[in-house]
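Q: Next up is a structure, given as structure tokens.
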Amino acid sequence: MTSRLAPLALLVLAVQAQVARAGDLQDCQAEPALPSAAAPAPAQAYWLDARTVQWPGLTLGAGERVRLHHARAGGLQAAPGAPVAGGDGAVAVLPSGAALSPAQAARWRFIGDGPRFTVEADVATLLRGQLLLVHEAADGRVIAATGLQTPGALDDLYAAAEAVPDLGAHPGRTQTRFAVWAPTAQRVLLCRHAGPDAPATAAEPMQRDPATGVWRATLPGNLGGQAYRYLVDVITPTHGLQRNLVTDPYSVALSADSRLSLVADLASPALKPPGWDRSRAPARVKAATDQLIYELHVRDFSLSDPSVRPAWRGKYLAFTEPASHGMRHLKALAQAGLTDVHLLPVFDLASVPERGCKTPTVPAAPADSEAQQAAVMAVAADDCFNWGYDPWHFNAPEGSYATDPLQRVVEFRRMVMALHRAGLRVGMDMVYNHMAAAGQHPKSVLDRLVPGYYHRLNARGEIERSTCCDNTATEHRMMAKLMIDSAALWVREYKIDSMRFDLMGHQPREAMERLQRRVDAEAGRPVQLLGEGWNFGEVANGARFVQASQLSLNGSGIASFSDRARDAARGGGAGEGGDASVRNQGWLNGLAYAPNALGGGRTREDLLQAADLIRVGLAGSLRDVTLTTWRGDTRRLSQLDYAGQPAGFVSQPGEVVNYVENHDNQTLFDVNTLKLPRSTSREDRARVQMLGAALVAFSQGVAYFHAGQDILRSKSLDRNSYDSGDWFNRLDWTYQTNHFGTGLPPKQDNFGQDGRDWALARERLADAGIAPAPAEIAWSRDVFRDLLKIRASTPLLRLSSAAEVQRRLSFPGSGPGQNPVLIATRLDGSGMAGFQAVMTLINVAPTPQALALPAEAGRRWVLHPVQRQGADARVRREARFADGRFEVPARSAAVFVLE
């Protein structure tokens, strides 16, 4: 009887398997609809390692216990006062009296006090189902229950995954390998598509490596050009056991709108422009301080440039038009000394449709009208513009900047080659501190593969969002690995020369130092790293790890932006509004010496304090440089106060980035529009702009400029133009307009919340005397290039070591008797090739100023060779030295040299 039933049973099993495969293939076509989300239990307990859990805040009474309940298919219910229902069973956990190791104590220092327990069970299997840690009465009734935060266990169990070299898809001559890290998944299938627009044709099973948590599939043949996704069965906090259809976080190529990952070999000749393998960056940077950086957005660069063919405007290929207005501008900057173009995010981003994005029709309207912003914001969600700080896939170029998203790899490489040919290195804005989405959002990748791992969670298990979006946790092994692997790929495969890290202070210093070593090894040369070392959010002050932040990076060789001189020069801080946006004048725009209508409350003491902070910036914010302050005491810069922090915070000049303007906040022209007296002439507005550029050019450290800063760029007072469309982000390389007075900026992040703000913006935008004429724009352009030439040709302005800065730099005219509107630096060139000494002077006052230095009498100080033939006729004619006295004309920067 049994023998006769066996073939029938086998047939049934075969039919069931066929039905299952058909269902899998159907699920590969489109993600199954999500059921209603359940409110997740707070995840207040932590796995500290593969055997230990801690429950902060828990107090156990007599006879009470803690058990770990599990359910492979989800569905656990833990209502207070009732027994746990819906589970597969429970594991007893034992109180642990063992002390934490020093490494554990450091890692988990941010969690609250509470009892620890040892779990004696197959934790790897348990982690693939739903888990609840339950505080129970002796009879099993629930007193309290919590989910558990899993990264500690996953990092412990799967430490070997950190060394896996081949995550992603790798086509070879005879086979193609796929690998994805999903240690908590119950099943992973590889959904295959014949091409980027083809339906799924197969659902291939993948095999799990228990040592690493990596799922693999190896298929015959070179599958280059085919598309794929992963079908992942995994427990989620909100939807229980869920089948997720997910692209590959290690994707190197994508279909349009990132719907499918594409199999691609970046070493294939088909993905290399002619000459790619031989192409090299110009060898212009021997030390980090040699960098002269221009921060540029790919779309801004060419969208409004009529000399670029229409199909290439706003695209990578616009950089390959050598005769365009924009490329002529960049080449002129390179000839003047610019070394790097830093591109705002160019990896795959979530906010711009790669096909069919919308372009608003902006009406002609008055300078202070709301009509322009209304037109822009009506399509902002679907338009072609965004800064791009919303990562989707880190390892693939953004498709909206390609003429066809399928050509993104080749066209990106063509852009890099074109910039290298123009004499410019290429830098990237790297955004690893957050993702565009998390959870079960359609644009979530990491969190749908390994729920609860890649993102930083608060004490309830909710994702932290201090960076604006869903924060990542680069303190976890595999998130750090993804960041480091990604950075290495951009250096290796796209010849990226330098990198700027967004909100770098949210990342561990240790991870950034590993990244530095890796990219240097990939490139075979130093790859300069710099970033935003701001200290805020849930990681502030080292709450979770030693940060890659301003005060914690000291000695690392990685540079962070300095806000010391920036704020002193501009006035106020980032994001100020209301009357403060006018009242808080800075050293550049009138503080105490040229008060505007609201700035009369500022004092000479305020000006003196600002002047000393300007000197901090000129000294590269170096900790051990000394300065005689306006109060008369001589201190190291680390002993001077800046908003409760040491003003000097770096060990070496290569660790600081000096700037007065970048893509964030209002442009310098717009800030000065608010803060300078309304009566300031167009000519003087241009001069003040160039004084800001001179401050950066004369400061020790890395020099960083925003694209258009040299041509008086305005965003019509927009404070945060990340989603303000092309209209408020335009650049004019024909130098006819700076786009000031082209409408009130979008209300979001600007003036809509405060009637006073709105009135201040209106009255300035409507003022016909503020916007520069072409003559002022051309003058600024040429003076800026002179400043680049001065810095590039004067090694004393970019010394590479703190010892050299301390030995050579002094501040004539500083101290209690100083004239705070005229700041000078003296650099001793003895023992160096070039000038015997250099004296830089910046006079921000609207009147001529003089600095008497009797010790210099008898020496032959002359204008720098660049300025003798330079674009600033006022400096050529009026800046002079005689009998130990330097004279500097109104609102001018002059450089004198001893030849």
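Identifiers for the structure tokens are assigned positionally: chains receive A, B, ... in sequence, residues are indexed from 1 per chain, and ligands are indexed from 1 in the order shown.
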Would you pick out the contacts of Ala287 in chain A at 9 Å or less, using only C-alpha atoms, so that residues sharing its chain but fewer than 5 positions from it are not included, and give the list as a VMD selection string?

A: chain A and resid 526 528 654 799 to 800

Q: Applying 6 Å and only C-alpha atoms, which residues near Leu551 in chain A remain after dropping the ones on its own chain fewer than 2 positions away? List them as a PDB file with N, CA and C atoms, in the first residue's frame.

A:
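Final file, result.pdb:
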```pdb
ATOM      1  N   SER A 549      34.170  64.507  14.483  1.00  0.00           N
ATOM      2  CA  SER A 549      33.684  65.876  14.632  1.00  0.00           C
ATOM      3  C   SER A 549      34.857  66.803  14.891  1.00  0.00           C
ATOM      4  N   LEU A 553      38.420  65.061  15.874  1.00  0.00           N
ATOM      5  CA  LEU A 553      39.243  64.638  14.747  1.00  0.00           C
ATOM      6  C   LEU A 553      40.679  65.099  14.871  1.00  0.00           C
ATOM      7  N   PHE A 649      41.165  74.368  17.106  1.00  0.00           N
ATOM      8  CA  PHE A 649      40.741  72.989  17.379  1.00  0.00           C
ATOM      9  C   PHE A 649      41.459  71.939  16.551  1.00  0.00           C
TER      10      PHE A 649
END
```

Q: Could you give me, as number ranges by chain, the residues within 9 Å of His434 in chain A, counting only C-alpha atoms and dropping anything in the same chain fewer than 3 positions from it?

A: A: 389-391, 431, 437, 455, 465, 467-473

Q: Taking only range 571-696 of chain A into account, list the residues labelled alpha helix (DSSP H) by DSSP (computed from the backbone), as a ChimeraX atom specification.

A: /A:580-583,604-618,668-675,682-696

Q: Select, from A:Val539, A:Leu60, A:Leu482, A:Ile558, the residue with the minimum atom-to-atom distance to Gln516 in chain A, counting only C-alpha atoms.

A: A:Ile558

Q: Counting only C-alpha atoms, figure out which residue out of A:Pro151, A:Gly524, A:Pro816, A:Pro115 gets nearest to Thr634 in chain A.

A: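 Result for the nearest residue to Thr634 in chain A: A:Pro816.
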
Q: Compare A:Leu637, A:Leu618, A:Val783, A:Ala594 by their minimum atom-to-atom distance to Ala845 in chain A, counting only C-alpha atoms, and give me the closest one.

A: A:Ala594

Q: Closest to Val650 in chain A among A:Arg636, A:Arg730, A:Arg566, A:His170, using only C-alpha atoms?

A: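 Between A:Arg636, A:Arg730, A:Arg566, A:His170, the residue approaching Val650 in chain A most closely is A:Arg636.
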
Q: Between CA of Ala92 in chain A and CA of Val119 in chain A, what is the distance, to one decimal in Å?

A: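 If I compute the distance from CA of Ala92 in chain A to CA of Val119 in chain A, I get 7.3 Å.
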
Q: What is the distance, in Å and to one decimal place, between CA of Ala41 in chain A and CA of Gly147 in chain A?

A: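 Computing the Euclidean distance for CA of Ala41 in chain A and CA of Gly147 in chain A yields 5.8 Å.
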
Q: Would you list the contacts of Ser444 in chain A as a PDB file with N, CA and C atoms, in the first residue's frame, taking every protein, DNA or RNA residue within 10 Å and counting only C-alpha atoms, but skipping same-chain residues closer than 5 positions in sequence?

A:
```
ATOM      1  N   VAL A 246      13.531  43.788  -3.162  1.00  0.00           N
ATOM      2  CA  VAL A 246      14.511  44.827  -2.826  1.00  0.00           C
ATOM      3  C   VAL A 246      15.637  44.845  -3.854  1.00  0.00           C
ATOM      4  N   THR A 247      16.034  46.040  -4.249  1.00  0.00           N
ATOM      5  CA  THR A 247      17.244  46.175  -5.056  1.00  0.00           C
ATOM      6  C   THR A 247      18.469  45.900  -4.199  1.00  0.00           C
ATOM      7  N   PRO A 249      21.810  46.772  -2.326  1.00  0.00           N
ATOM      8  CA  PRO A 249      22.499  47.956  -1.802  1.00  0.00           C
ATOM      9  C   PRO A 249      23.898  48.143  -2.384  1.00  0.00           C
ATOM     10  N   ALA A 350      17.051  59.748  -4.403  1.00  0.00           N
ATOM     11  CA  ALA A 350      15.651  59.325  -4.438  1.00  0.00           C
ATOM     12  C   ALA A 350      14.672  60.410  -4.870  1.00  0.00           C
ATOM     13  N   PRO A 391      20.196  59.739  -0.160  1.00  0.00           N
ATOM     14  CA  PRO A 391      20.784  58.569  -0.813  1.00  0.00           C
ATOM     15  C   PRO A 391      19.786  57.427  -0.981  1.00  0.00           C
ATOM     16  N   TRP A 392      19.917  56.752  -2.106  1.00  0.00           N
ATOM     17  CA  TRP A 392      19.129  55.559  -2.381  1.00  0.00           C
ATOM     18  C   TRP A 392      20.088  54.381  -2.590  1.00  0.00           C
ATOM     19  N   HIS A 393      20.995  54.523  -3.544  1.00  0.00           N
ATOM     20  CA  HIS A 393      22.031  53.509  -3.766  1.00  0.00           C
ATOM     21  C   HIS A 393      23.379  54.227  -3.808  1.00  0.00           C
ATOM     22  N   MET A 435      19.683  57.883   5.098  1.00  0.00           N
ATOM     23  CA  MET A 435      19.113  57.365   3.860  1.00  0.00           C
ATOM     24  C   MET A 435      17.852  58.143   3.527  1.00  0.00           C
ATOM     25  N   ALA A 436      17.422  58.031   2.287  1.00  0.00           N
ATOM     26  CA  ALA A 436      16.191  58.700   1.882  1.00  0.00           C
ATOM     27  C   ALA A 436      14.981  58.119   2.597  1.00  0.00           C
ATOM     28  N   ALA A 437      15.033  56.843   2.919  1.00  0.00           N
ATOM     29  CA  ALA A 437      13.861  56.193   3.518  1.00  0.00           C
ATOM     30  C   ALA A 437      14.306  54.967   4.297  1.00  0.00           C
ATOM     31  N   ALA A 438      13.431  54.526   5.180  1.00  0.00           N
ATOM     32  CA  ALA A 438      13.681  53.327   5.983  1.00  0.00           C
ATOM     33  C   ALA A 438      12.368  52.568   6.128  1.00  0.00           C
ATOM     34  N   GLY A 439      12.381  51.532   6.975  1.00  0.00           N
ATOM     35  CA  GLY A 439      11.168  50.755   7.181  1.00  0.00           C
ATOM     36  C   GLY A 439      10.702  50.101   5.897  1.00  0.00           C
ATOM     37  N   LEU A 449      16.076  44.864   3.975  1.00  0.00           N
ATOM     38  CA  LEU A 449      16.912  43.661   3.930  1.00  0.00           C
ATOM     39  C   LEU A 449      17.220  43.148   5.329  1.00  0.00           C
ATOM     40  N   ASP A 470      16.430  59.604   7.850  1.00  0.00           N
ATOM     41  CA  ASP A 470      16.606  58.373   8.622  1.00  0.00           C
ATOM     42  C   ASP A 470      18.094  58.082   8.806  1.00  0.00           C
TER      43      ASP A 470
END
```

Q: Provide the CA of Leu167 in chain A to CA of Pro451 in chain A distance in Å, to one decimal place.

A: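 Spanning CA of Leu167 in chain A to CA of Pro451 in chain A is a straight-line distance of 18.3 Å.
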
Q: Contacts of range 235-241 of chain A at 7 Å or less, counting only C-alpha atoms, minus same-chain residues fewer than 3 places along, as a PyMOL selection string?

A: chain A and resi 35+37-40+73-75+128-130+451

Q: Once you have the residues from the selection above, write them out as a PDB file, in the first residue's frame, restricted to N, CA and C atoms.

A:
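Wrote it out as selection-v6.pdb, contents follow:
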```pdb
ATOM      1  N   PRO A  35       0.280  44.544   4.045  1.00  0.00           N
ATOM      2  CA  PRO A  35      -0.887  44.545   4.923  1.00  0.00           C
ATOM      3  C   PRO A  35      -0.862  45.789   5.807  1.00  0.00           C
ATOM      4  N   ALA A  37      -0.170  48.173   8.708  1.00  0.00           N
ATOM      5  CA  ALA A  37       0.949  48.179   9.636  1.00  0.00           C
ATOM      6  C   ALA A  37       0.458  48.047  11.066  1.00  0.00           C
ATOM      7  N   ALA A  38       1.147  47.239  11.818  1.00  0.00           N
ATOM      8  CA  ALA A  38       0.866  47.136  13.246  1.00  0.00           C
ATOM      9  C   ALA A  38       1.803  48.069  13.990  1.00  0.00           C
ATOM     10  N   ALA A  39       1.320  48.602  15.093  1.00  0.00           N
ATOM     11  CA  ALA A  39       2.190  49.440  15.909  1.00  0.00           C
ATOM     12  C   ALA A  39       3.252  48.551  16.533  1.00  0.00           C
ATOM     13  N   PRO A  40       4.529  48.781  16.250  1.00  0.00           N
ATOM     14  CA  PRO A  40       5.557  47.882  16.781  1.00  0.00           C
ATOM     15  C   PRO A  40       5.704  48.052  18.287  1.00  0.00           C
ATOM     16  N   ALA A  73       6.975  32.883  12.418  1.00  0.00           N
ATOM     17  CA  ALA A  73       6.081  33.549  11.456  1.00  0.00           C
ATOM     18  C   ALA A  73       5.533  34.860  11.996  1.00  0.00           C
ATOM     19  N   GLY A  74       6.008  35.297  13.149  1.00  0.00           N
ATOM     20  CA  GLY A  74       5.483  36.525  13.738  1.00  0.00           C
ATOM     21  C   GLY A  74       4.161  36.248  14.440  1.00  0.00           C
ATOM     22  N   GLY A  75       3.490  37.298  14.846  1.00  0.00           N
ATOM     23  CA  GLY A  75       2.181  37.154  15.459  1.00  0.00           C
ATOM     24  C   GLY A  75       2.178  37.090  16.969  1.00  0.00           C
ATOM     25  N   ARG A 128      16.019  35.128  13.388  1.00  0.00           N
ATOM     26  CA  ARG A 128      15.329  35.086  12.101  1.00  0.00           C
ATOM     27  C   ARG A 128      13.818  35.053  12.265  1.00  0.00           C
ATOM     28  N   GLY A 129      13.361  35.118  13.495  1.00  0.00           N
ATOM     29  CA  GLY A 129      11.927  35.210  13.762  1.00  0.00           C
ATOM     30  C   GLY A 129      11.629  36.426  14.614  1.00  0.00           C
ATOM     31  N   GLN A 130      10.375  36.524  15.046  1.00  0.00           N
ATOM     32  CA  GLN A 130       9.990  37.619  15.926  1.00  0.00           C
ATOM     33  C   GLN A 130      10.381  37.278  17.357  1.00  0.00           C
ATOM     34  N   PRO A 451      16.022  44.454   8.790  1.00  0.00           N
ATOM     35  CA  PRO A 451      15.284  45.435   9.604  1.00  0.00           C
ATOM     36  C   PRO A 451      15.959  45.696  10.944  1.00  0.00           C
TER      37      PRO A 451
END
```
